[in-house]
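Q: Here you go, one structure.
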Amino acid sequence: MFGFLRKKPAKPDAVEDKTQPDEIPAEPARDQAEPIAEAVQPAPPADGGPDFEASFEAPFEAPVPLAAETARPAAKRSWSERLKAGLSRTRQQLGGGLASLFGRRKIDEELLEELEATLLMADCGVEATQHLLGELRKRWKRDRLETADQLQKALADELHAILLPLEEPLDVSGHSPYIIMIAGVNGSGKTTSIGKLAKYFQAQGRSVLLAAGDTFRAAAREQLMTWGERNNVTVIAQDGGDSAAVIFDAINAAKARRIDVVLADTAGRLPTQLHLMDEIAKVKRVIAKASPTGPHEVLLVLDANIGQNALAQVKAFDSAIGVTGLVVTKLDGTAKGGVVAAIARQYPRPLRFIGVGEGIDDLQPFKAREFVDALFDTNGAGSAA
Ligand SMILES: Nc1nc2c(ncn2[C@@H]2O[C@H](COP(=O)(O)OP(=O)(O)OP(=O)(O)O)[C@@H](O)[C@H]2O)c(=O)[nH]1
């Protein structure tokens, strides 16, 4: 009976080289720090170029596309198409499950119970699931819903109502430079997202400067430097040393050059690594020394694959650094996309951007309506936007 709830086999760990020493190496005094390296290169490829993705190591295992999704190469697809393609696993879990539930079946308690299980399996979480079920029960009686198809439409509406408060696009016009601090656990997609965000802000006509504040992982610095060179974006980096010092210098450089947006990378850390959580709180304090109103946005990057664990991460990072916005990445690699509903009900923070792939344009502002439409898409993922 619950064939539609079958879970896919767990994916192998896709991200390599994410180990981090338990202790932070002693931070060099600021006046002993290695000279700041800076990379600015001309002649960017207009669209970020295919090399952009290649510059990021350990490619994430791509989800198996639906037949309709392979019809056109990913680069040529619109955001709406890529969103639908990216959410295919969650849609198979949720929408696919619902499709087997719905159809022309009549609404009854058994159907609602199966729906409850389906929502839980898509990682909507107990709170959001109970809320949705409660609302659907009310509408079943009040609106005299009869068919399961009508119930599905009501579910989409209620899910949209839950998610809408998370839709608060990031407005960087209030400060110059507008300082965005990026945090998250190891491998959540921080550095990759910074490259994508840099392009996003550049496309809005804003100048961008990157601070390579992940001083633990040399490859993270290299990723940013390579990306900056190819896209004519200044990267302030330092060979090893202190994350706070790099970001401090980056902010001063941005002020001197009248840069619009500073994107500050930080090393990945687990909320249980308390000393590293203290360290990131210090990074935030140092940013405020360089710019008294900053940071203007503290973005927490969450890997959607972690499902319900995301809530614990939001809570822990929020208490350490005051999270003002979220980025949920890798929605394309998981059936756990329902986690955004859990976040909305249990720890709501503006969901600034969602990521559905490794491509440069695969990170876009979150819009509740298009997210819900993509989840309940019944016309095939490859349909035109
Ligand atoms: N499929 C997919 N892969 C992604 C997405 N976002 C990031 N990745 C991949 O996730 C992997 C880790 O990304 P990074 O940006 O290096 O992660 P990080 O958080 O900076 O890692 P640390 O510096 O170790 O903390 C890379 O292989 C990225 O290409 C996404 O939306 N979809």
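Identifiers for the structure tokens are assigned positionally: chains receive A, B, ... in sequence, residues are indexed from 1 per chain, and ligands are indexed from 1 in the order shown.
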Find the residues near Leu112 (chain A): any atom within 10 Å, counting only C-alpha atoms, skip ones fewer than 3 places away on the same chain, and give them as an NGL selection string.
A: :A and (101 or 107-109 or 115-118 or 133 or 136-137 or 148 or 151)
Q: Please extract the residues of region 86-303 of chain A with a backbone DSSP assignment of helix (DSSP H, G or I) and present them as a PyMOL selection string.
A: chain A and resi 86+88-101+109-121+125-142+148-166+190-203+218-231+243-256+274-290
Q: Counting only C-alpha atoms, figure out which residue out of A:Val327, A:Val208, A:Val235, A:Ile194 gets nearest to Asp265 (chain A).
A: A:Ile194
Q: Expressed in Å to a single decimal, how great is the separation between CA of Ile180 (chain A) and CA of Leu300 (chain A)?
A: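 According to the coordinates, CA of Ile180 (chain A) and CA of Leu300 (chain A) are separated by 10.4 Å.
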Q: Neighbouring residues of Pro348 (chain A) were defined as those with any atom within 8 Å, considering only C-alpha atoms; residues of the same chain fewer than 4 positions away were excluded. Please report them as a VMD selection string.
A: chain A and resid 166 343 to 344
